[in-house]
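Shown here: target.cif, mmCIF, C-alpha atoms and all ligand atoms.
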```cif
data_protein
loop_
_atom_site.label_atom_id
_atom_site.label_comp_id
_atom_site.auth_asym_id
_atom_site.auth_seq_id
_atom_site.Cartn_x
_atom_site.Cartn_y
_atom_site.Cartn_z
CA MET B 1 82.52 43.68 58.85
CA ARG B 2 84.31 41.71 56.13
CA LYS B 3 85.49 38.17 56.89
CA ARG B 4 89.21 37.39 56.90
CA LEU B 5 90.38 36.00 53.53
CA THR B 6 91.95 32.54 53.28
CA ILE B 7 94.66 31.18 50.97
CA THR B 8 91.87 29.57 48.93
CA ASN B 9 90.25 33.00 48.47
CA LEU B 10 93.60 34.48 47.42
CA LYS B 11 94.20 31.76 44.81
CA LYS B 12 90.65 32.27 43.50
CA MET B 13 91.33 36.02 43.21
CA LYS B 14 94.09 35.22 40.71
CA GLN B 15 91.72 33.01 38.67
CA ASP B 16 89.09 35.76 38.71
CA ASN B 17 91.58 38.47 37.71
CA ASN B 18 90.80 40.23 40.97
CA PRO B 19 94.03 42.02 42.03
CA ILE B 20 95.24 41.38 45.60
CA SER B 21 96.10 44.45 47.71
CA MET B 22 98.81 43.94 50.32
CA LEU B 23 100.49 46.56 52.51
CA THR B 24 102.87 46.32 55.43
CA ALA B 25 101.83 47.22 58.99
CA TYR B 26 103.88 46.93 62.15
CA ASP B 27 101.70 47.98 65.08
CA TYR B 28 98.14 48.24 66.41
CA PRO B 29 97.06 51.61 64.91
CA SER B 30 98.47 50.86 61.44
CA ALA B 31 96.71 47.48 61.48
CA VAL B 32 93.37 48.98 62.57
CA LEU B 33 93.52 51.63 59.83
CA ALA B 34 94.59 49.11 57.16
CA GLU B 35 91.68 46.84 58.04
CA GLU B 36 89.20 49.74 58.11
CA ALA B 37 90.47 50.73 54.65
CA GLY B 38 89.57 47.30 53.24
CA LEU B 39 93.05 45.89 52.60
CA ASP B 40 93.17 42.21 51.52
CA VAL B 41 96.43 41.16 53.19
CA ILE B 42 98.64 42.75 55.86
CA LEU B 43 102.34 41.94 55.72
CA VAL B 44 104.27 42.37 58.93
CA GLY B 45 107.45 42.82 56.92
CA ASP B 46 110.95 42.73 58.31
CA SER B 47 111.20 46.15 56.63
CA LEU B 48 110.22 46.88 60.24
CA GLY B 49 113.99 47.10 60.70
CA ASN B 50 114.31 50.00 58.25
CA VAL B 51 111.13 51.99 58.75
CA VAL B 52 110.34 51.48 62.44
CA LEU B 53 113.52 50.42 64.22
CA GLY B 54 115.98 52.67 62.37
CA TYR B 55 118.39 50.02 61.03
CA ASP B 56 120.07 50.35 57.61
CA THR B 57 119.02 46.85 56.54
CA THR B 58 116.61 44.11 57.61
CA ILE B 59 119.45 41.91 58.83
CA PRO B 60 119.40 42.96 62.53
CA VAL B 61 115.67 42.18 62.90
CA THR B 62 115.13 39.29 65.33
CA LEU B 63 112.48 36.63 65.81
CA GLU B 64 111.48 38.39 69.05
CA ASP B 65 110.99 41.69 67.14
CA MET B 66 108.75 39.96 64.60
CA ILE B 67 106.69 38.16 67.26
CA TYR B 68 106.19 41.37 69.26
CA HIS B 69 105.06 43.43 66.26
CA THR B 70 102.95 40.65 64.73
CA ARG B 71 101.07 40.33 68.02
CA ALA B 72 100.25 44.05 67.98
CA VAL B 73 99.09 43.84 64.35
CA ALA B 74 96.97 40.76 65.10
CA ARG B 75 95.22 42.66 67.91
CA GLY B 76 94.39 45.48 65.50
CA ALA B 77 93.29 43.48 62.45
CA LYS B 78 91.20 40.53 63.56
CA ASN B 79 89.49 40.18 60.16
CA THR B 80 92.46 40.59 57.82
CA PHE B 81 94.79 37.86 56.56
CA ILE B 82 98.19 38.50 58.19
CA VAL B 83 101.49 37.30 56.74
CA THR B 84 104.66 37.66 58.80
CA ASP B 85 108.26 37.63 57.63
CA MET B 86 110.65 35.05 58.99
CA PRO B 87 113.68 37.24 59.73
CA PHE B 88 117.31 36.72 58.69
CA MET B 89 118.82 33.34 59.62
CA THR B 90 115.70 32.00 61.35
CA TYR B 91 115.18 29.64 58.38
CA GLY B 92 117.44 27.99 55.81
CA ILE B 93 119.33 26.60 58.79
CA GLY B 94 117.91 23.08 58.90
CA ARG B 95 114.34 21.86 59.04
CA GLU B 96 114.06 21.42 62.78
CA SER B 97 115.18 24.97 63.67
CA THR B 98 113.09 26.45 60.87
CA LEU B 99 109.99 24.60 62.07
CA ARG B 100 110.58 25.64 65.67
CA ASN B 101 111.00 29.33 64.73
CA ALA B 102 107.98 29.18 62.44
CA ALA B 103 105.89 27.68 65.23
CA ARG B 104 106.78 30.60 67.53
CA LEU B 105 105.75 33.18 64.90
CA MET B 106 102.41 31.44 64.37
CA GLN B 107 101.62 30.65 68.02
CA GLU B 108 103.01 33.70 69.81
CA GLY B 109 102.64 36.22 66.97
CA GLY B 110 99.23 35.11 65.72
CA ALA B 111 99.93 35.34 61.97
CA GLN B 112 98.02 33.27 59.43
CA ALA B 113 101.03 32.69 57.14
CA LEU B 114 104.79 33.18 56.92
CA LYS B 115 106.96 34.73 54.19
CA LEU B 116 110.46 33.46 53.43
CA GLU B 117 113.03 34.94 51.07
CA GLY B 118 114.70 32.61 48.59
CA GLY B 119 114.00 30.08 45.82
CA THR B 120 115.22 26.56 45.05
CA GLU B 121 117.69 26.62 47.97
CA ILE B 122 114.89 26.85 50.56
CA ALA B 123 112.27 24.80 48.67
CA SER B 124 112.71 21.74 50.92
CA GLU B 125 112.11 23.86 54.05
CA VAL B 126 109.06 25.47 52.44
CA GLU B 127 107.75 21.96 51.78
CA ALA B 128 108.34 20.97 55.42
CA LEU B 129 106.49 24.07 56.68
CA VAL B 130 103.56 23.44 54.34
CA LYS B 131 103.43 19.78 55.43
CA ALA B 132 103.32 21.03 59.03
CA GLY B 133 100.21 23.05 58.13
CA ILE B 134 101.80 26.50 57.80
CA PRO B 135 100.85 28.54 54.72
CA VAL B 136 104.00 29.92 53.08
CA MET B 137 104.42 32.96 50.85
CA GLY B 138 107.66 32.95 48.81
CA HIS B 139 109.74 36.05 48.06
CA ILE B 140 112.20 36.21 45.16
CA GLY B 141 113.93 38.86 43.05
CA LEU B 142 115.51 41.51 45.24
CA THR B 143 115.61 39.74 48.60
CA PRO B 144 116.69 42.38 51.15
CA GLN B 145 118.08 39.84 53.63
CA SER B 146 120.72 38.96 50.95
CA VAL B 147 121.45 42.58 50.01
CA HIS B 148 125.17 42.21 50.61
CA GLN B 149 125.34 39.11 48.44
CA LEU B 150 123.28 40.77 45.68
CA GLY B 151 125.58 43.79 45.71
CA GLY B 152 122.95 46.37 46.61
CA TYR B 153 119.30 47.17 45.90
CA ARG B 154 119.18 46.72 42.12
CA VAL B 155 116.60 45.46 39.65
CA GLN B 156 116.75 41.67 39.20
CA GLY B 157 116.20 39.53 36.11
CA LYS B 158 117.74 41.79 33.48
CA LEU B 159 120.19 39.13 32.29
CA ASP B 160 119.14 35.83 30.63
CA LYS B 161 120.74 33.72 33.36
CA GLU B 162 119.16 35.78 36.16
CA ALA B 163 115.75 35.62 34.51
CA GLN B 164 115.98 31.83 34.09
CA LYS B 165 117.02 31.42 37.74
CA LEU B 166 114.05 33.49 38.93
CA MET B 167 111.62 31.48 36.78
CA ASP B 168 113.11 28.24 38.19
CA ASP B 169 112.86 29.61 41.74
CA ALA B 170 109.21 30.55 41.28
CA LYS B 171 108.35 27.08 39.94
CA ALA B 172 110.28 25.38 42.76
CA LEU B 173 108.36 27.39 45.38
CA GLU B 174 105.03 26.57 43.75
CA ALA B 175 105.96 22.87 43.63
CA ALA B 176 106.97 23.06 47.33
CA GLY B 177 103.45 24.24 48.19
CA ALA B 178 103.81 28.04 48.54
CA PHE B 179 100.38 29.70 48.18
CA ALA B 180 101.75 32.98 46.70
CA ILE B 181 105.07 34.60 45.79
CA VAL B 182 106.31 38.18 46.21
CA LEU B 183 108.35 39.41 43.22
CA GLU B 184 110.49 42.35 44.32
CA LEU B 185 112.32 44.69 41.93
CA VAL B 186 111.98 42.41 38.93
CA THR B 187 111.62 43.65 35.34
CA GLU B 188 107.99 43.96 34.25
CA PRO B 189 108.23 41.44 31.36
CA LEU B 190 109.81 38.78 33.59
CA ALA B 191 107.26 39.33 36.39
CA GLU B 192 104.47 39.00 33.84
CA ALA B 193 105.98 35.80 32.41
CA ILE B 194 106.32 34.26 35.89
CA SER B 195 102.76 35.29 36.80
CA LYS B 196 101.42 33.60 33.65
CA GLU B 197 103.43 30.44 34.28
CA LEU B 198 102.21 29.92 37.86
CA SER B 199 98.80 28.88 39.15
CA ILE B 200 99.45 30.66 42.48
CA PRO B 201 99.26 34.48 42.75
CA THR B 202 102.31 36.70 42.39
CA ILE B 203 102.42 39.91 44.41
CA GLY B 204 104.72 42.55 42.98
CA ILE B 205 106.71 45.40 44.46
CA GLY B 206 108.60 47.27 41.81
CA ALA B 207 107.67 44.42 39.42
CA GLY B 208 105.27 46.25 37.14
CA ARG B 209 101.69 45.70 36.04
CA GLY B 210 101.63 41.99 35.19
CA CYS B 211 101.47 40.61 38.74
CA ASP B 212 98.32 39.27 40.43
CA GLY B 213 98.61 41.73 43.30
CA GLN B 214 100.73 44.55 44.67
CA VAL B 215 102.49 45.20 47.96
CA LEU B 216 104.04 48.41 49.27
CA VAL B 217 105.47 49.61 52.55
CA TYR B 218 103.13 51.58 54.85
CA HIS B 219 105.65 54.32 55.58
CA ASP B 220 106.45 54.73 51.86
CA ILE B 221 102.90 55.31 50.65
CA LEU B 222 102.28 57.78 53.50
CA GLN B 223 105.65 59.59 53.41
CA TYR B 224 105.82 58.68 57.10
CA SER B 225 109.54 59.26 57.64
CA SER B 226 112.18 61.91 57.69
CA PRO B 227 113.97 62.46 55.44
CA TYR B 228 111.51 60.98 52.94
CA ILE B 229 113.30 59.19 50.09
CA ASP B 230 111.53 59.06 46.75
CA LYS B 231 111.57 55.59 45.18
CA LYS B 232 110.55 54.95 41.56
CA MET B 233 108.44 51.91 42.41
CA VAL B 234 106.42 53.72 45.11
CA LYS B 235 103.37 55.91 44.71
CA THR B 236 102.70 58.09 47.72
CA TYR B 237 99.09 58.60 48.70
CA ALA B 238 99.49 61.05 51.59
CA ASP B 239 102.15 63.16 53.26
CA ILE B 240 101.79 62.14 56.90
CA GLY B 241 105.39 63.09 57.71
CA THR B 242 104.77 66.77 57.00
CA THR B 243 101.42 66.67 58.82
CA ILE B 244 103.00 65.16 61.95
CA ARG B 245 106.02 67.48 61.89
CA ASN B 246 103.79 70.56 61.55
CA ALA B 247 101.47 69.38 64.32
CA ILE B 248 104.35 68.74 66.75
CA SER B 249 105.91 72.08 65.88
CA SER B 250 102.59 73.86 66.64
CA TYR B 251 102.38 72.02 69.97
CA VAL B 252 105.93 73.07 70.92
CA ASN B 253 105.18 76.70 70.01
CA GLU B 254 101.89 76.73 71.95
CA VAL B 255 103.48 75.23 75.10
CA LYS B 256 106.30 77.74 74.97
CA GLY B 257 103.91 80.62 74.19
CA GLY B 258 101.52 79.70 77.05
CA VAL B 259 98.70 79.06 74.58
CA PHE B 260 98.28 75.41 75.55
CA PRO B 261 96.67 74.29 77.81
CA ALA B 262 93.72 76.69 77.57
CA GLU B 263 90.73 76.85 79.93
CA GLU B 264 88.89 74.11 78.00
CA HIS B 265 91.74 71.64 78.64
CA SER B 266 91.83 72.30 82.41
CA PHE B 267 89.87 70.93 85.40
CA GLY B 268 88.32 73.26 88.00
CA ALA B 269 87.86 72.76 91.78
CA LYS B 270 85.72 74.38 94.51
CA PRO B 271 87.58 77.41 95.97
CA ALA B 272 87.24 75.83 99.45
CA ALA B 273 89.44 72.90 98.44
CA ILE B 274 92.24 75.29 97.55
CA ASN B 275 91.66 77.63 100.56
CA HIS B 276 92.19 74.64 102.78
CA LEU B 277 95.72 74.21 101.40
CA TYR B 278 96.57 77.62 102.85
CA GLY B 279 95.00 77.00 106.26
CA GLY B 280 91.60 78.46 105.46
CA ALA B 281 88.22 76.78 105.96
CA GLY B 282 87.64 74.09 103.44
CA GLU B 283 86.22 70.69 102.84
CA THR B 284 88.89 67.99 102.99
CA SER B 285 88.56 64.92 100.88
CA ASP B 286 88.11 62.92 104.15
CA GLN B 287 85.19 65.11 105.20
CA SER B 288 83.79 65.01 101.73
CA SER B 289 83.86 61.18 101.62
CA GLY B 290 82.47 61.15 105.17
CA ASN B 291 79.60 63.40 104.05
CA GLN B 292 79.00 61.09 101.10
CA ALA B 293 78.86 58.03 103.45
CA THR B 294 76.37 59.86 105.74
CA ARG B 295 74.21 60.77 102.70
CA GLU B 296 74.18 57.12 101.58
CA GLU B 297 73.24 55.90 105.09
CA SER B 298 70.26 58.25 105.28
CA GLN B 299 69.14 57.28 101.75
CA LYS B 300 69.26 53.62 102.82
CA ARG B 301 67.21 54.41 105.98
CA ASP B 302 64.59 56.29 103.87
CA PHE B 303 64.38 53.36 101.41
CA VAL B 304 63.85 50.80 104.24
CA SER B 305 61.17 52.92 106.03
CA ASN B 306 59.32 53.58 102.72
CA HIS B 307 59.22 49.89 101.87
CA SER B 308 58.45 48.32 105.26
O1 LIG Y 1 109.62 43.40 54.54
C1 LIG Y 1 108.87 43.85 53.67
O2 LIG Y 1 108.26 44.91 53.80
C2 LIG Y 1 108.75 43.09 52.43
C3 LIG Y 1 108.03 43.74 51.30
C4 LIG Y 1 108.86 44.81 50.73
C5 LIG Y 1 107.59 42.76 50.28
O3 LIG Y 1 109.23 42.02 52.35
#
```
Mind turning this structure into structure tokens?
Amino acid sequence: MRKRLTITNLKKMKQDNNPISMLTAYDYPSAVLAEEAGLDVILVGDSLGNVVLGYDTTIPVTLEDMIYHTRAVARGAKNTFIVTDMPFMTYGIGRESTLRNAARLMQEGGAQALKLEGGTEIASEVEALVKAGIPVMGHIGLTPQSVHQLGGYRVQGKLDKEAQKLMDDAKALEAAGAFAIVLELVTEPLAEAISKELSIPTIGIGAGRGCDGQVLVYHDILQYSSPYIDKKMVKTYADIGTTIRNAISSYVNEVKGGVFPAEEHSFGAKPAAINHLYGGAGETSDQSSGNQATREESQKRDFVSNHS
């Protein structure tokens, strides 16, 4: 069993050119499977809102949602480094509230680190969290909690001004003590430039090949949704959605066709137990437990007389 990585290990992985693998997970079975597969970092992302809870954005996800799901993931992946998202408006609202919400995610959820969206504007809160002993992962580029302000899910950093702002954000987060930064939907050349500039690892999603690690969403790589939406930045590794749909459809057909349950899925009983229901001679459960008690008594008597 592999030991859980630490932020020191993750920083060393960047120095050693050893790419970091991160994937989201939201519940016990996904966490168990991710750990068994040898993943470096699990992210309990607030993409939970989209892929598990059925919202259109991550904005409705609450602190309670994140605590509940992080706890389930922590039970399933005891040897994997777990990062949890601070959801919309639980940070960036003043140090004291941010620290209180962060404490709940760490203590009640059981994560090893927190991820916050934003750059220079949240750097002072990142610093406060780090000073309080909480490892922080930054997240810049396309930040889904600000989707309405960004005007939709579009690639970031194409314009000079945007690219400069993202570079400044990344440096501000590093200076504030973040141990890693997610770069989401950022042009490949900009992500590569930021990764070279920083001493902490960058973890890309839709940010090309120059990052120090990659992160994707569990349901995306497994096509675990319906309808499945193809995204350019995602590579799918299995089609679980089709497998599950076909399996459920077979179950429905077998129940309706009287094929399931078959004899091997059923439990038998002595005919007497059923005869008794219709007034025939049979052994009741009272008699049967009485018989059992009598058998035990006589065994005890035999044991005592054999050993005295
Ligand atoms: O919530 C999430 O899944 C994320 C990843 C897309 C990085 O933040």
Original post:
Using all atoms listed in the file, what are the residues with an atom within 10 Å of ligand LIG 1 (chain Y), set out as a ChimeraX atom specification?
Top reply: /B:22-26,43-51,58,84-87,115-117,138-140,142-145,181-185,203-206,214-219
Original post:
What gap, in Å, lies between atom CA of Asp160 of chain B and atom CA of Ala123 of chain B?
Top reply: 22.2 Å
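Minimum atom-to-atom distances from B:Gly133, B:Gly208, B:Gly280, B:Pro201 to Pro189 of chain B were compared using only C-alpha atoms, and the lowest value belongs to B:Gly208.
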**OP:** Find the residues around Ala74 of chain B up to 10 Å (all atoms listed in the file counted), leave out those fewer than 5 positions away in its own chain, and share them as number ranges by chain.
**Re:** B: 26-28, 31-32, 42, 44, 69, 79-82, 109-112
Subject >> Atomic separation - atom CA of Ile20 of chain B relative to atom CA of Glu188 of chain B, Å >> reply: 17.3 Å
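Across B:His265, B:Asn275, B:Ser199, B:Lys158, the tightest approach to Asp16 of chain B is made by B:Ser199 when counting only C-alpha atoms.
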Subject >> Closest of B:Leu39, B:Ala176, B:Met66, B:Ala207 to Lys3 of chain B - atom-to-atom distances counting all atoms listed in the file >> reply: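 Nearest candidate to Lys3 of chain B out of B:Leu39, B:Ala176, B:Met66, B:Ala207: B:Leu39.
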**OP:** State, in Å with one decimal place, the distance from atom CA of Ile274 of chain B to atom CA of Val255 of chain B.
**Re:**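 These atoms are spaced 25.1 Å apart.
Proximity of B:Val83, B:Leu129, B:Val186, B:Ile122 to Tyr153 of chain B, computed with all atoms listed in the file, is greatest for B:Val186.
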**OP:** Show which residues sit within 8 Å of Asp169 of chain B, as a ChimeraX atom specification. Count all atoms listed in the file, and ignore same-chain residues fewer than 3 positions away.
**Re:** /B:118-120,140,165-166,172-173
Original post:
Given the choices B:Gly92, B:Tyr228, B:Ala72, B:Asp168, which gets closest to Gly241 of chain B if the distance is worked out from only C-alpha atoms?
Top reply: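 Residue with the minimum atom-to-atom distance to Gly241 of chain B: B:Tyr228.
Residue nearest Leu33 of chain B, chosen from B:Gly54, B:Gly76, B:Gly258, B:Pro19 and counting only C-alpha atoms: B:Gly76.
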Subject >> Asp220 of chain B surroundings by only C-alpha atoms, 10 Å radius, close-in-sequence under 6 positions cut, as a list in words >> reply: Thr24, Val51, Tyr228, Ile229, Asp230, Lys231, Val234, Lys235, Thr236, Tyr237, Ala238 and Asp239 of chain B
Mind completing segment 76-91 of chain B with N, CA and C atoms? Output as an mmCIF file, keeping the file's coordinate frame, please?
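New file result_0.cif:
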```
data_model
loop_
_atom_site.group_PDB
_atom_site.id
_atom_site.type_symbol
_atom_site.label_atom_id
_atom_site.label_comp_id
_atom_site.auth_asym_id
_atom_site.auth_seq_id
_atom_site.Cartn_x
_atom_site.Cartn_y
_atom_site.Cartn_z
ATOM 1 N N GLY B 76 95.067 44.381 66.195
ATOM 2 C CA GLY B 76 94.390 45.480 65.500
ATOM 3 C C GLY B 76 93.614 45.052 64.268
ATOM 4 N N ALA B 77 93.930 43.886 63.709
ATOM 5 C CA ALA B 77 93.290 43.480 62.450
ATOM 6 C C ALA B 77 92.808 42.043 62.553
ATOM 7 N N LYS B 78 91.692 41.885 63.274
ATOM 8 C CA LYS B 78 91.200 40.530 63.560
ATOM 9 C C LYS B 78 90.518 39.900 62.360
ATOM 10 N N ASN B 79 90.207 40.721 61.328
ATOM 11 C CA ASN B 79 89.490 40.180 60.160
ATOM 12 C C ASN B 79 90.302 40.311 58.879
ATOM 13 N N THR B 80 91.611 40.486 59.012
ATOM 14 C CA THR B 80 92.460 40.590 57.820
ATOM 15 C C THR B 80 93.508 39.492 57.855
ATOM 16 N N PHE B 81 93.785 38.925 56.679
ATOM 17 C CA PHE B 81 94.790 37.860 56.560
ATOM 18 C C PHE B 81 96.169 38.466 56.815
ATOM 19 N N ILE B 82 96.890 37.922 57.793
ATOM 20 C CA ILE B 82 98.190 38.500 58.190
ATOM 21 C C ILE B 82 99.327 37.530 57.852
ATOM 22 N N VAL B 83 100.271 38.054 57.077
ATOM 23 C CA VAL B 83 101.490 37.300 56.740
ATOM 24 C C VAL B 83 102.646 37.954 57.486
ATOM 25 N N THR B 84 103.505 37.128 58.074
ATOM 26 C CA THR B 84 104.660 37.660 58.800
ATOM 27 C C THR B 84 105.956 37.150 58.192
ATOM 28 N N ASP B 85 106.942 38.030 58.146
ATOM 29 C CA ASP B 85 108.260 37.630 57.630
ATOM 30 C C ASP B 85 109.017 36.799 58.640
ATOM 31 N N MET B 86 109.637 35.720 58.161
ATOM 32 C CA MET B 86 110.650 35.050 58.990
ATOM 33 C C MET B 86 111.923 35.863 58.798
ATOM 34 N N PRO B 87 112.503 36.377 59.899
ATOM 35 C CA PRO B 87 113.680 37.240 59.730
ATOM 36 C C PRO B 87 114.959 36.462 59.404
ATOM 37 N N PHE B 88 115.983 37.217 59.091
ATOM 38 C CA PHE B 88 117.310 36.720 58.690
ATOM 39 C C PHE B 88 117.793 35.581 59.597
ATOM 40 N N MET B 89 118.196 34.496 58.949
ATOM 41 C CA MET B 89 118.820 33.340 59.620
ATOM 42 C C MET B 89 117.913 32.627 60.637
ATOM 43 N N THR B 90 116.588 32.804 60.492
ATOM 44 C CA THR B 90 115.700 32.000 61.350
ATOM 45 C C THR B 90 115.139 30.843 60.527
ATOM 46 N N TYR B 91 115.558 30.755 59.255
ATOM 47 C CA TYR B 91 115.180 29.640 58.380
ATOM 48 C C TYR B 91 116.373 29.407 57.450
#
```
